[in-house]
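Colleague: Input file: run.pdb. Contents: PDB, C-alpha atoms.
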```pdb
ATOM      1  CA  MET E   1       0.000   0.000   0.000
ATOM      2  CA  ALA E   2       1.398   3.413  -1.045
ATOM      3  CA  LEU E   3       0.219   6.239   1.227
ATOM      4  CA  PHE E   4       1.470   9.848   1.344
ATOM      5  CA  PRO E   5       2.800  10.376   4.914
ATOM      6  CA  ALA E   6       1.410  13.908   5.213
ATOM      7  CA  ALA E   7      -2.102  13.047   3.975
ATOM      8  CA  ASN E   8      -5.305  12.771   5.949
ATOM      9  CA  LEU E   9      -6.330   9.231   5.009
ATOM     10  CA  LYS E  10      -9.931   9.019   3.826
ATOM     11  CA  LEU E  11      -9.731   5.884   1.742
ATOM     12  CA  ILE E  12     -12.777   5.222  -0.401
ATOM     13  CA  ASP E  13     -14.446   1.862   0.174
ATOM     14  CA  HIS E  14     -13.271  -0.598  -2.490
ATOM     15  CA  LYS E  15     -16.883  -1.335  -3.428
ATOM     16  CA  PHE E  16     -16.897   2.074  -5.143
ATOM     17  CA  LEU E  17     -13.592   1.495  -6.987
ATOM     18  CA  ASN E  18     -12.282  -0.503  -9.921
ATOM     19  CA  VAL E  19      -9.551  -1.939  -7.633
ATOM     20  CA  ALA E  20      -7.328  -2.815 -10.606
ATOM     21  CA  PRO E  21      -3.580  -2.356 -10.109
ATOM     22  CA  ILE E  22      -1.828   0.478 -11.908
ATOM     23  CA  ALA E  23      -0.037  -1.132 -14.856
ATOM     24  CA  VAL E  24       2.817   1.360 -15.123
ATOM     25  CA  TYR E  25       3.485   4.781 -13.574
ATOM     26  CA  ASN E  26       3.738   7.316 -16.402
ATOM     27  CA  ARG E  27       2.339  10.571 -15.035
ATOM     28  CA  VAL E  28       0.815  12.697 -12.288
ATOM     29  CA  ASN E  29      -2.312  14.438 -13.592
ATOM     30  CA  LEU E  30      -3.483  17.650 -11.911
ATOM     31  CA  HIS E  31      -7.188  18.586 -11.733
ATOM     32  CA  THR E  32      -9.416  21.143 -10.059
ATOM     33  CA  GLN E  33     -12.957  20.519  -8.868
ATOM     34  CA  GLY E  34     -14.559  23.881  -9.624
ATOM     35  CA  GLY E  35     -16.135  23.992  -6.169
ATOM     36  CA  LEU E  36     -15.390  24.111  -2.461
ATOM     37  CA  GLY E  37     -15.047  21.434   0.181
ATOM     38  CA  SER E  38     -13.674  17.916   0.531
ATOM     39  CA  LEU E  39     -14.558  15.499  -2.269
ATOM     40  CA  PHE E  40     -14.557  12.406  -0.072
ATOM     41  CA  GLY E  41     -18.330  12.236   0.380
ATOM     42  CA  PHE E  42     -18.994  12.961  -3.292
ATOM     43  CA  ARG E  43     -16.534  10.307  -4.500
ATOM     44  CA  SER E  44     -17.718   7.666  -2.000
ATOM     45  CA  GLN E  45     -20.734   6.745  -4.095
ATOM     46  CA  PRO E  46     -21.420   4.388  -6.994
ATOM     47  CA  ASN E  47     -20.373   5.523 -10.469
ATOM     48  CA  ARG E  48     -18.359   8.508  -9.245
ATOM     49  CA  PRO E  49     -14.861   8.663 -10.764
ATOM     50  CA  SER E  50     -12.325   8.737  -7.960
ATOM     51  CA  ALA E  51      -9.007  10.581  -7.652
ATOM     52  CA  HIS E  52      -6.028   9.456  -5.587
ATOM     53  CA  PHE E  53      -5.638  12.784  -3.755
ATOM     54  CA  TRP E  54      -7.377  16.089  -3.020
ATOM     55  CA  VAL E  55      -5.614  19.286  -1.886
ATOM     56  CA  SER E  56      -7.587  22.075  -0.231
ATOM     57  CA  GLN E  57      -6.967  25.789  -0.666
ATOM     58  CA  ALA E  58      -5.550  25.730   2.876
ATOM     59  CA  GLY E  59      -3.037  23.083   1.809
ATOM     60  CA  VAL E  60      -4.683  20.083   3.493
ATOM     61  CA  VAL E  61      -4.042  16.839   1.581
ATOM     62  CA  GLU E  62      -6.617  14.036   1.635
ATOM     63  CA  GLN E  63      -5.826  10.629   0.133
ATOM     64  CA  TYR E  64      -8.797   8.724  -1.247
ATOM     65  CA  VAL E  65      -7.134   5.867  -3.159
ATOM     66  CA  ASP E  66      -3.965   3.888  -2.496
ATOM     67  CA  THR E  67      -1.560   4.683  -5.364
ATOM     68  CA  ASP E  68      -0.937   0.961  -5.875
ATOM     69  CA  ILE E  69      -4.377   0.803  -7.543
ATOM     70  CA  ARG E  70      -6.154   2.865 -10.175
ATOM     71  CA  ALA E  71      -8.401   5.823  -9.683
ATOM     72  CA  GLU E  72     -10.918   6.684 -12.413
ATOM     73  CA  ALA E  73     -10.365  10.428 -12.964
ATOM     74  CA  ASP E  74      -8.418  10.132 -16.234
ATOM     75  CA  LEU E  75     -10.445   7.744 -18.416
ATOM     76  CA  GLU E  76      -8.079   6.233 -21.011
ATOM     77  CA  GLY E  77      -5.083   7.180 -18.881
ATOM     78  CA  ASN E  78      -6.265   5.544 -15.650
ATOM     79  CA  ASP E  79      -3.950   2.543 -15.890
ATOM     80  CA  ALA E  80      -0.794   4.693 -15.797
ATOM     81  CA  THR E  81      -1.800   7.847 -13.891
ATOM     82  CA  VAL E  82      -1.776   9.116 -10.318
ATOM     83  CA  SER E  83      -4.509  11.765 -10.148
ATOM     84  CA  VAL E  84      -4.610  14.824  -7.886
ATOM     85  CA  GLU E  85      -7.777  16.892  -7.434
ATOM     86  CA  THR E  86      -7.586  20.396  -5.972
ATOM     87  CA  GLU E  87     -10.135  22.648  -4.339
ATOM     88  CA  GLY E  88     -11.206  25.406  -6.707
ATOM     89  CA  GLY E  89     -13.526  28.396  -6.674
ATOM     90  CA  GLU E  90     -17.247  28.490  -6.060
ATOM     91  CA  SER E  91     -17.811  27.568  -9.720
ATOM     92  CA  SER E  92     -15.872  26.242 -12.697
ATOM     93  CA  ALA E  93     -15.823  29.768 -14.173
ATOM     94  CA  ILE E  94     -14.078  31.108 -11.080
ATOM     95  CA  ALA E  95     -11.753  28.118 -10.965
ATOM     96  CA  GLN E  96     -10.735  28.927 -14.546
ATOM     97  CA  ILE E  97      -9.207  32.283 -13.563
ATOM     98  CA  GLN E  98      -8.165  31.459  -9.994
ATOM     99  CA  GLU E  99      -4.618  30.413  -9.131
ATOM    100  CA  TRP E 100      -3.724  27.759  -6.603
ATOM    101  CA  THR E 101      -3.130  29.400  -3.243
ATOM    102  CA  ALA E 102       0.343  29.564  -1.696
ATOM    103  CA  PRO E 103      -0.516  26.780   0.823
ATOM    104  CA  GLN E 104      -1.941  24.679  -2.018
ATOM    105  CA  LEU E 105       1.209  25.116  -4.088
ATOM    106  CA  GLN E 106       3.392  24.176  -1.136
ATOM    107  CA  SER E 107       1.386  21.003  -0.482
ATOM    108  CA  LEU E 108       1.102  20.172  -4.195
ATOM    109  CA  THR E 109       4.857  20.474  -4.609
ATOM    110  CA  ALA E 110       5.517  18.142  -1.682
ATOM    111  CA  LEU E 111       2.851  15.689  -2.842
ATOM    112  CA  VAL E 112       3.959  15.624  -6.488
ATOM    113  CA  ALA E 113       7.589  15.200  -5.417
ATOM    114  CA  TRP E 114       6.618  12.216  -3.237
ATOM    115  CA  ILE E 115       4.526  10.595  -6.006
ATOM    116  CA  MET E 116       7.211  11.007  -8.654
ATOM    117  CA  SER E 117       9.948   9.741  -6.349
ATOM    118  CA  THR E 118       7.924   6.829  -4.938
ATOM    119  CA  HIS E 119       6.797   5.601  -8.346
ATOM    120  CA  ASN E 120       9.844   6.608 -10.439
ATOM    121  CA  ILE E 121       7.907   9.010 -12.679
ATOM    122  CA  GLU E 122      10.060  11.127 -14.978
ATOM    123  CA  LEU E 123      10.832  14.636 -13.700
ATOM    124  CA  ARG E 124       9.580  16.472 -16.779
ATOM    125  CA  LEU E 125       6.472  18.191 -18.065
ATOM    126  CA  ALA E 126       4.167  16.178 -20.275
ATOM    127  CA  THR E 127       3.514  17.837 -23.632
ATOM    128  CA  ASP E 128       0.394  15.915 -24.735
ATOM    129  CA  SER E 129      -1.691  12.832 -23.918
ATOM    130  CA  LYS E 130      -0.318  10.585 -26.661
ATOM    131  CA  PRO E 131       0.719   7.103 -25.488
ATOM    132  CA  GLY E 132       4.492   7.176 -25.176
ATOM    133  CA  PRO E 133       7.224   9.429 -23.763
ATOM    134  CA  SER E 134       5.540  12.757 -24.555
ATOM    135  CA  SER E 135       2.679  12.148 -22.078
ATOM    136  CA  ARG E 136       4.926  11.131 -19.184
ATOM    137  CA  GLY E 137       5.870  13.272 -16.203
ATOM    138  CA  LEU E 138       3.870  16.076 -14.584
ATOM    139  CA  SER E 139       0.660  16.425 -16.590
ATOM    140  CA  TRP E 140      -2.737  18.130 -16.373
ATOM    141  CA  HIS E 141      -6.250  17.131 -17.328
ATOM    142  CA  ARG E 142      -6.685  19.445 -20.321
ATOM    143  CA  LEU E 143      -3.939  17.638 -22.235
ATOM    144  CA  GLY E 144      -6.490  14.861 -22.794
ATOM    145  CA  ILE E 145      -9.593  17.025 -23.351
ATOM    146  CA  ASP E 146     -11.040  18.283 -26.644
ATOM    147  CA  GLY E 147     -12.247  21.856 -26.931
ATOM    148  CA  ASN E 148     -11.830  25.266 -28.511
ATOM    149  CA  PHE E 149      -8.576  25.967 -26.675
ATOM    150  CA  PRO E 150      -5.626  28.131 -27.792
ATOM    151  CA  GLU E 151      -3.309  26.723 -30.427
ATOM    152  CA  LEU E 152       0.266  25.627 -29.778
ATOM    153  CA  PRO E 153       2.762  26.785 -28.643
ATOM    154  CA  ASP E 154       0.364  28.212 -26.035
ATOM    155  CA  MET E 155       0.521  26.078 -22.897
ATOM    156  CA  LEU E 156      -3.293  26.276 -22.686
ATOM    157  CA  ALA E 157      -3.762  24.085 -25.788
ATOM    158  CA  GLY E 158      -5.901  20.983 -25.383
ATOM    159  CA  ARG E 159      -5.892  17.491 -26.849
ATOM    160  CA  LYS E 160      -6.923  18.404 -30.433
ATOM    161  CA  GLN E 161      -4.476  21.289 -30.658
ATOM    162  CA  ARG E 162      -1.696  18.871 -29.662
ATOM    163  CA  GLY E 163      -2.477  16.320 -32.361
ATOM    164  CA  GLY E 164      -4.705  13.907 -30.455
ATOM    165  CA  GLY E 165      -3.872  11.320 -27.834
ATOM    166  CA  MET E 166      -5.679   9.565 -25.008
ATOM    167  CA  HIS E 167      -8.928  11.059 -23.775
ATOM    168  CA  TYR E 168      -8.691  11.970 -20.100
ATOM    169  CA  SER E 169     -12.360  12.952 -20.306
ATOM    170  CA  THR E 170     -15.080  12.863 -22.957
ATOM    171  CA  ALA E 171     -16.487  16.217 -21.786
ATOM    172  CA  THR E 172     -15.825  18.638 -24.656
ATOM    173  CA  GLY E 173     -14.523  22.035 -23.564
ATOM    174  CA  LYS E 174     -13.759  21.033 -19.971
ATOM    175  CA  VAL E 175     -11.160  23.610 -18.865
ATOM    176  CA  CYS E 176      -9.679  21.619 -15.953
ATOM    177  CA  PRO E 177      -7.555  22.604 -14.103
ATOM    178  CA  GLY E 178      -8.088  26.162 -15.395
ATOM    179  CA  ASN E 179      -5.928  28.643 -17.291
ATOM    180  CA  ALA E 180      -4.387  30.337 -14.260
ATOM    181  CA  LYS E 181      -3.436  27.026 -12.635
ATOM    182  CA  ILE E 182      -1.968  25.563 -15.829
ATOM    183  CA  HIS E 183       0.461  28.486 -15.938
ATOM    184  CA  GLN E 184       1.585  27.595 -12.394
ATOM    185  CA  ILE E 185       2.476  23.966 -13.247
ATOM    186  CA  PRO E 186       6.024  24.593 -14.574
ATOM    187  CA  GLY E 187       6.781  26.308 -11.270
ATOM    188  CA  ILE E 188       5.765  23.179  -9.332
ATOM    189  CA  LEU E 189       8.222  21.073 -11.305
ATOM    190  CA  ALA E 190      10.854  23.787 -11.034
ATOM    191  CA  ALA E 191      10.524  23.750  -7.242
ATOM    192  CA  ILE E 192      11.050  19.977  -7.251
ATOM    193  CA  THR E 193      14.010  19.956  -9.645
ATOM    194  CA  GLY E 194      15.638  23.177  -8.433
ATOM    195  CA  THR E 195      15.568  24.714 -11.919
ATOM    196  CA  SER E 196      13.838  27.791 -13.274
ATOM    197  CA  PRO E 197      10.389  27.359 -14.859
ATOM    198  CA  ALA E 198      11.840  28.452 -18.202
ATOM    199  CA  VAL E 199      14.110  25.405 -18.236
ATOM    200  CA  VAL E 200      11.218  22.980 -17.831
ATOM    201  CA  SER E 201       8.738  24.576 -20.240
ATOM    202  CA  PRO E 202       6.966  22.020 -22.470
ATOM    203  CA  ALA E 203       9.095  21.007 -25.411
ATOM    204  CA  PRO E 204       8.356  18.502 -28.184
ATOM    205  CA  VAL E 205       9.657  15.016 -27.508
ATOM    206  CA  ALA E 206      11.602  13.620 -30.445
ATOM    207  CA  PRO E 207      10.070  10.326 -31.590
ATOM    208  CA  THR E 208      12.218   7.270 -31.142
ATOM    209  CA  ALA E 209      13.295   5.771 -34.437
ATOM    210  CA  ALA E 210      11.789   2.325 -34.827
ATOM    211  CA  VAL E 211      12.093  -0.419 -37.411
ATOM    212  CA  PRO E 212       8.672  -0.790 -39.089
ATOM    213  CA  LEU E 213       6.714  -3.875 -38.176
ATOM    214  CA  GLU E 214       6.226  -6.385 -40.938
ATOM    215  CA  VAL E 215       2.540  -6.199 -41.822
ATOM    216  CA  ASP E 216       2.008  -9.946 -42.013
ATOM    217  CA  GLY E 217      -1.139 -10.497 -39.934
ATOM    218  CA  PHE E 218       0.767 -12.585 -37.381
ATOM    219  CA  TRP E 219       0.641 -11.331 -33.804
ATOM    220  CA  GLY E 220       4.058 -12.290 -32.501
ATOM    221  CA  SER E 221       6.502 -10.779 -30.060
ATOM    222  CA  ALA E 222       7.457  -7.892 -32.380
ATOM    223  CA  THR E 223       3.814  -6.778 -32.626
ATOM    224  CA  THR E 224       3.418  -7.176 -28.870
ATOM    225  CA  THR E 225       6.528  -5.112 -28.156
ATOM    226  CA  ARG E 226       5.385  -2.293 -30.447
ATOM    227  CA  ALA E 227       1.893  -2.316 -28.908
ATOM    228  CA  GLN E 228       3.403  -2.104 -25.421
ATOM    229  CA  GLU E 229       5.573   0.842 -26.494
ATOM    230  CA  VAL E 230       2.675   2.693 -28.140
ATOM    231  CA  LEU E 231       0.396   2.108 -25.147
ATOM    232  CA  GLY E 232       3.060   3.149 -22.634
ATOM    233  CA  GLN E 233       3.622  -0.220 -20.985
ATOM    234  CA  PRO E 234       6.826  -2.068 -20.091
ATOM    235  CA  ALA E 235       7.963  -3.598 -23.374
ATOM    236  CA  ASP E 236       8.968  -7.232 -22.972
ATOM    237  CA  GLY E 237       7.315  -8.674 -26.086
ATOM    238  CA  GLN E 238       5.128 -11.015 -24.050
ATOM    239  CA  VAL E 239       1.370 -11.110 -23.652
ATOM    240  CA  ARG E 240       0.742 -12.704 -20.278
ATOM    241  CA  PHE E 241      -2.756 -13.766 -19.352
ATOM    242  CA  GLN E 242      -5.221 -16.413 -18.377
ATOM    243  CA  PHE E 243      -7.490 -17.818 -21.093
ATOM    244  CA  ARG E 244     -11.046 -18.866 -20.499
ATOM    245  CA  ASN E 245     -11.540 -22.642 -20.690
ATOM    246  CA  ASN E 246      -7.796 -23.047 -21.385
ATOM    247  CA  LYS E 247      -8.342 -22.000 -24.999
ATOM    248  CA  GLN E 248      -5.285 -20.556 -26.672
ATOM    249  CA  PRO E 249      -5.126 -18.548 -29.913
ATOM    250  CA  ALA E 250      -3.282 -19.818 -32.964
ATOM    251  CA  MET E 251      -0.527 -17.187 -32.703
ATOM    252  CA  THR E 252       1.770 -18.263 -29.895
ATOM    253  CA  THR E 253       5.187 -16.643 -30.365
ATOM    254  CA  GLY E 254       5.803 -14.391 -27.382
ATOM    255  CA  TRP E 255       2.514 -15.303 -25.709
ATOM    256  CA  VAL E 256       2.872 -16.689 -22.168
ATOM    257  CA  PHE E 257      -0.069 -18.719 -20.932
ATOM    258  CA  ASP E 258      -0.795 -18.326 -17.233
ATOM    259  CA  PHE E 259      -3.836 -20.108 -15.909
ATOM    260  CA  ALA E 260      -3.793 -18.510 -12.453
ATOM    261  CA  PRO E 261      -7.349 -17.223 -11.830
ATOM    262  CA  GLY E 262      -7.976 -13.545 -12.331
ATOM    263  CA  ARG E 263      -4.677 -12.698 -14.012
ATOM    264  CA  GLY E 264      -5.560 -10.855 -17.163
ATOM    265  CA  SER E 265      -2.997  -9.378 -19.542
ATOM    266  CA  PRO E 266      -2.147  -5.715 -18.828
ATOM    267  CA  LEU E 267      -1.757  -5.146 -22.581
ATOM    268  CA  ILE E 268      -5.099  -6.729 -23.507
ATOM    269  CA  THR E 269      -6.742  -4.916 -20.583
ATOM    270  CA  ARG E 270      -5.425  -1.578 -21.874
ATOM    271  CA  MET E 271      -6.718  -2.288 -25.367
ATOM    272  CA  GLN E 272     -10.113  -3.307 -23.971
ATOM    273  CA  GLU E 273     -10.340  -0.112 -21.911
ATOM    274  CA  ILE E 274      -9.540   2.115 -24.893
ATOM    275  CA  MET E 275     -11.977   0.277 -27.162
ATOM    276  CA  ALA E 276     -14.698   0.258 -24.492
ATOM    277  CA  ALA E 277     -14.359   4.031 -24.046
ATOM    278  CA  ALA E 278     -14.828   4.396 -27.816
ATOM    279  CA  GLY E 279     -17.876   2.081 -27.842
ATOM    280  CA  GLN E 280     -16.049  -0.609 -29.802
ATOM    281  CA  TYR E 281     -15.614  -3.289 -27.131
ATOM    282  CA  GLN E 282     -18.733  -4.835 -25.611
ATOM    283  CA  GLY E 283     -17.243  -7.485 -23.354
ATOM    284  CA  THR E 284     -15.848  -7.475 -19.825
ATOM    285  CA  VAL E 285     -12.644  -5.533 -19.281
ATOM    286  CA  ASP E 286     -10.680  -8.470 -17.905
ATOM    287  CA  GLY E 287      -7.500  -8.697 -19.963
ATOM    288  CA  VAL E 288      -8.556 -12.026 -21.422
ATOM    289  CA  ALA E 289      -8.089 -12.391 -25.179
ATOM    290  CA  GLY E 290     -11.136 -13.859 -26.840
ATOM    291  CA  SER E 291     -13.727 -13.293 -29.525
ATOM    292  CA  GLU E 292     -15.105 -10.113 -27.919
ATOM    293  CA  SER E 293     -11.633  -8.538 -27.868
ATOM    294  CA  THR E 294     -11.192  -9.533 -31.507
ATOM    295  CA  LYS E 295     -14.577  -8.006 -32.382
ATOM    296  CA  GLY E 296     -13.490  -4.810 -30.634
ATOM    297  CA  LEU E 297     -10.333  -4.656 -32.757
ATOM    298  CA  GLN E 298     -12.390  -5.324 -35.879
ATOM    299  CA  ARG E 299     -14.799  -2.499 -35.071
ATOM    300  CA  ARG E 300     -11.883  -0.188 -34.271
ATOM    301  CA  PHE E 301     -10.170  -0.812 -37.604
ATOM    302  CA  GLY E 302     -13.248  -1.189 -39.820
ATOM    303  CA  ILE E 303     -12.843  -4.939 -40.423
ATOM    304  CA  ALA E 304     -15.798  -7.293 -40.898
ATOM    305  CA  VAL E 305     -16.851  -8.322 -37.386
ATOM    306  CA  ASP E 306     -16.703 -12.084 -36.860
ATOM    307  CA  GLY E 307     -14.546 -12.425 -33.743
ATOM    308  CA  ILE E 308     -11.998 -14.650 -35.503
ATOM    309  CA  LEU E 309      -8.243 -14.129 -35.932
ATOM    310  CA  PRO E 310      -7.097 -16.498 -38.694
ATOM    311  CA  ALA E 311      -3.561 -16.830 -40.024
ATOM    312  CA  LYS E 312      -2.529 -13.658 -41.882
ATOM    313  CA  SER E 313      -5.397 -11.914 -40.152
ATOM    314  CA  PRO E 314      -6.620  -8.669 -41.778
ATOM    315  CA  THR E 315      -7.426  -7.465 -38.238
ATOM    316  CA  VAL E 316      -3.850  -7.946 -37.077
ATOM    317  CA  MET E 317      -2.584  -6.336 -40.286
ATOM    318  CA  ALA E 318      -4.705  -3.254 -39.531
ATOM    319  CA  LEU E 319      -3.360  -3.216 -35.971
ATOM    320  CA  GLN E 320       0.224  -3.476 -37.260
ATOM    321  CA  ARG E 321      -0.302  -0.560 -39.651
ATOM    322  CA  ALA E 322      -1.677   1.570 -36.815
ATOM    323  CA  LEU E 323       1.243   0.633 -34.549
ATOM    324  CA  ASN E 324       3.694   1.527 -37.328
ATOM    325  CA  ALA E 325       2.055   4.974 -37.349
ATOM    326  CA  GLY E 326       2.503   5.198 -33.565
ATOM    327  CA  THR E 327      -1.208   4.892 -32.767
ATOM    328  CA  PHE E 328      -3.733   2.336 -31.613
TER     329      PHE E 328
END
```
Can I see the file as structure tokens?

Modeller:
Amino acid sequence: MALFPAANLKLIDHKFLNVAPIAVYNRVNLHTQGGLGSLFGFRSQPNRPSAHFWVSQAGVVEQYVDTDIRAEADLEGNDATVSVETEGGESSAIAQIQEWTAPQLQSLTALVAWIMSTHNIELRLATDSKPGPSSRGLSWHRLGIDGNFPELPDMLAGRKQRGGGMHYSTATGKVCPGNAKIHQIPGILAAITGTSPAVVSPAPVAPTAAVPLEVDGFWGSATTTRAQEVLGQPADGQVRFQFRNNKQPAMTTGWVFDFAPGRGSPLITRMQEIMAAAGQYQGTVDGVAGSESTKGLQRRFGIAVDGILPAKSPTVMALQRALNAGTF
């Protein structure tokens, strides 16, 4: 269990949580609530997306979710994100123009430093929400939100202005955490690293050169490795999971079969979550590869939906082309 030592512990009952482990620690995402008062009571209800932490304007830190498991505040980024809510103004409009208070900034700096150190998150500013290096580090909700925001290089740009990426929310135009607070974020990282904010301003991350996948329709270790890289997971070229009824797919290179109950593949789980958020996957998000996962991939890539992955599968070919383009 990972608990911030300076937090008031108000852990949300697990019956209101997903209780899935975080797959990999890529970012800290900052939010603001657009209202006053602790969020514990509001979050401790069914179907209310949780955050790991909340920081009041007076600098009080409340922890709602153990950082070993996922909160639900960042939608497609939940599996790799530690989320921090902050107390805002009396309304979202006020929160948009209101800065974090001095006590809030002091507590946020200490909290973010602890999260990044505890979970080995890169000490850098994220520049977008795209799966991969550019979305890692200290991030904020708007990076994954669509809306009529300023264009780059303005720091206030949103998801569309930055060329797409994961959705941290489906609410169009959501300003979280607010313009004034976004401008304070480089200073938080600067206080942690001991540099000036100018040094840590967002800068484009150069893409890593990669050998193109062979588009052969065979899901082997090379395809798995590229998918793990694109989706921001540890890249070992192995899909590890339990299969229902001990059924294994035809493609076996790099696939490790583990029949321990309840152990779904982190990679397949991530794909299911992304497809479910887009309305393409209709099964249970369990990390188990099967016909429903295949149907989700087929809907995602515009392939005839039959739930089957034959040799030289057109579905896998479409996936390989998308991975070669750095997307899923």

Colleague: Would you mind reading off the distance between atom CA of E:Leu39 and atom CA of E:Glu85, one decimal, in Å?

Modeller: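 Between atom CA of E:Leu39 and atom CA of E:Glu85 the gap works out to 8.6 Å.
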
Colleague: Select, from E:Gln96, E:Gln45, E:Asn29, E:Ser135, the residue with the minimum atom-to-atom distance to E:Arg162, counting all atoms listed in the file.

Modeller: E:Ser135

Colleague: Applying the PyMOL selection byres ((chain E and resi 322) around 12) to the file I just gave you, which residues come out? Please list them as a list of chain:residue names.

Modeller: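 Checked against the file, the PyMOL selection byres ((chain E and resi 322) around 12) matches E:Pro212, E:Leu213, E:Glu214, E:Val215, E:Thr223, E:Arg226, E:Ala227, E:Val230, E:Leu231, E:Leu297, E:Arg300, E:Phe301, E:Thr315, E:Val316, E:Met317, E:Ala318, E:Leu319, E:Gln320, E:Arg321, E:Leu323, E:Asn324, E:Ala325, E:Gly326, E:Thr327, E:Phe328.
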
Colleague: Any chance you could resolve the PyMOL selection byres ((chain E and resi 296) around 10) against this file and give the residues as a list in words?

Modeller: Met271, Gln272, Ile274, Met275, Ala276, Ala278, Gly279, Gln280, Tyr281, Gln282, Gly283, Ser291, Glu292, Ser293, Thr294, Lys295, Leu297, Gln298, Arg299, Arg300, Phe301, Gly302, Ile303, Val305 and Gly307 of chain E

Colleague: One decimal, Å: what's the distance from atom CA of E:Glu122 over to atom CA of E:Val28, could you say?

Modeller: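 Pair atom CA of E:Glu122 / atom CA of E:Val28 returns 9.8 Å.
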
Colleague: As a check of understanding, name the residues that the PyMOL selection byres ((chain E and resi 46) around 12) selects in the supplied structure, as a list of chain:residue names.

Modeller: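 Taken on the displayed file, the PyMOL selection byres ((chain E and resi 46) around 12) yields the residues E:Ile12, E:Asp13, E:His14, E:Lys15, E:Phe16, E:Leu17, E:Asn18, E:Gly41, E:Phe42, E:Arg43, E:Ser44, E:Gln45, E:Asn47, E:Arg48, E:Pro49, E:Ser50.
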
Colleague: Now that the selection is made, can you save its residues with C-alpha atoms as a JSON list (two decimals), in the coordinates of the input?

Modeller:
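New file result.json:
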```
[["chain", "number", "residue", "atom", "x", "y", "z"],
["E", 12, "ILE", "CA", -12.78, 5.22, -0.40],
["E", 13, "ASP", "CA", -14.45, 1.86, 0.17],
["E", 14, "HIS", "CA", -13.27, -0.60, -2.49],
["E", 15, "LYS", "CA", -16.88, -1.34, -3.43],
["E", 16, "PHE", "CA", -16.90, 2.07, -5.14],
["E", 17, "LEU", "CA", -13.59, 1.50, -6.99],
["E", 18, "ASN", "CA", -12.28, -0.50, -9.92],
["E", 41, "GLY", "CA", -18.33, 12.24, 0.38],
["E", 42, "PHE", "CA", -18.99, 12.96, -3.29],
["E", 43, "ARG", "CA", -16.53, 10.31, -4.50],
["E", 44, "SER", "CA", -17.72, 7.67, -2.00],
["E", 45, "GLN", "CA", -20.73, 6.74, -4.10],
["E", 47, "ASN", "CA", -20.37, 5.52, -10.47],
["E", 48, "ARG", "CA", -18.36, 8.51, -9.24],
["E", 49, "PRO", "CA", -14.86, 8.66, -10.76],
["E", 50, "SER", "CA", -12.32, 8.74, -7.96]]
```

Colleague: Write out as a PDB file with C-alpha atoms, in the frame of the given file each polymer residue whose atoms come within 10 Å of E:Phe4, counting only C-alpha atoms; drop sequence neighbours fewer than 2 positions from it.

Modeller:
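Below is the file around_14.pdb, written as the result:
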```pdb
ATOM      1  CA  ALA E   2       1.398   3.413  -1.045  1.00  0.00           C
ATOM      2  CA  ALA E   6       1.410  13.908   5.213  1.00  0.00           C
ATOM      3  CA  ALA E   7      -2.102  13.047   3.975  1.00  0.00           C
ATOM      4  CA  ASN E   8      -5.305  12.771   5.949  1.00  0.00           C
ATOM      5  CA  LEU E   9      -6.330   9.231   5.009  1.00  0.00           C
ATOM      6  CA  PHE E  53      -5.638  12.784  -3.755  1.00  0.00           C
ATOM      7  CA  VAL E  61      -4.042  16.839   1.581  1.00  0.00           C
ATOM      8  CA  GLU E  62      -6.617  14.036   1.635  1.00  0.00           C
ATOM      9  CA  GLN E  63      -5.826  10.629   0.133  1.00  0.00           C
ATOM     10  CA  ASP E  66      -3.965   3.888  -2.496  1.00  0.00           C
ATOM     11  CA  THR E  67      -1.560   4.683  -5.364  1.00  0.00           C
ATOM     12  CA  ALA E 110       5.517  18.142  -1.682  1.00  0.00           C
ATOM     13  CA  LEU E 111       2.851  15.689  -2.842  1.00  0.00           C
ATOM     14  CA  TRP E 114       6.618  12.216  -3.237  1.00  0.00           C
ATOM     15  CA  ILE E 115       4.526  10.595  -6.006  1.00  0.00           C
ATOM     16  CA  THR E 118       7.924   6.829  -4.938  1.00  0.00           C
TER      17      THR E 118
END
```

Colleague: Quick one: axis-aligned box around all listed atoms of stretch 105-113 of chain E, 5 Å on every side, centre and edge lengths in Å to one decimal, written as JSON.

Modeller:
```
{"center_x": 4.3, "center_y": 20.2, "center_z": -3.5, "size_x": 16.5, "size_y": 19.9, "size_z": 16.0}
```

Colleague: Work out how far apart atom CA of E:Ser313 and atom CA of E:Ala23 are and give it in Å to one decimal.

Modeller: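 According to the coordinates, atom CA of E:Ser313 and atom CA of E:Ala23 are separated by 28.0 Å.
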
Colleague: Here is a test: counting all atoms listed in the file, which residue of E:Pro310, E:Ala277, E:Ile22, E:Ile182 is nearest to E:Thr170?

Modeller: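 Ranked by minimum distance to E:Thr170, first place goes to E:Ala277.
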
Colleague: Pick the closest to E:Pro314 from E:Gly77, E:Ile268, E:Gly232, E:Gly217: which is it, counting only C-alpha atoms?

Modeller: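 For E:Pro314, the nearest of the candidates is E:Gly217.
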
Colleague: Please provide as a PDB file with C-alpha atoms, in the frame of the given file all residues within 8 Å of E:Tyr25, with the sequence filter that same-chain residues fewer than 2 positions apart are discarded (counting all atoms listed in the file).

Modeller:
```pdb
ATOM      1  CA  ILE E  22      -1.828   0.478 -11.908  1.00  0.00           C
ATOM      2  CA  ALA E  23      -0.037  -1.132 -14.856  1.00  0.00           C
ATOM      3  CA  ARG E  27       2.339  10.571 -15.035  1.00  0.00           C
ATOM      4  CA  ALA E  80      -0.794   4.693 -15.797  1.00  0.00           C
ATOM      5  CA  THR E  81      -1.800   7.847 -13.891  1.00  0.00           C
ATOM      6  CA  VAL E  82      -1.776   9.116 -10.318  1.00  0.00           C
ATOM      7  CA  HIS E 119       6.797   5.601  -8.346  1.00  0.00           C
ATOM      8  CA  ASN E 120       9.844   6.608 -10.439  1.00  0.00           C
ATOM      9  CA  ILE E 121       7.907   9.010 -12.679  1.00  0.00           C
TER      10      ILE E 121
END
```
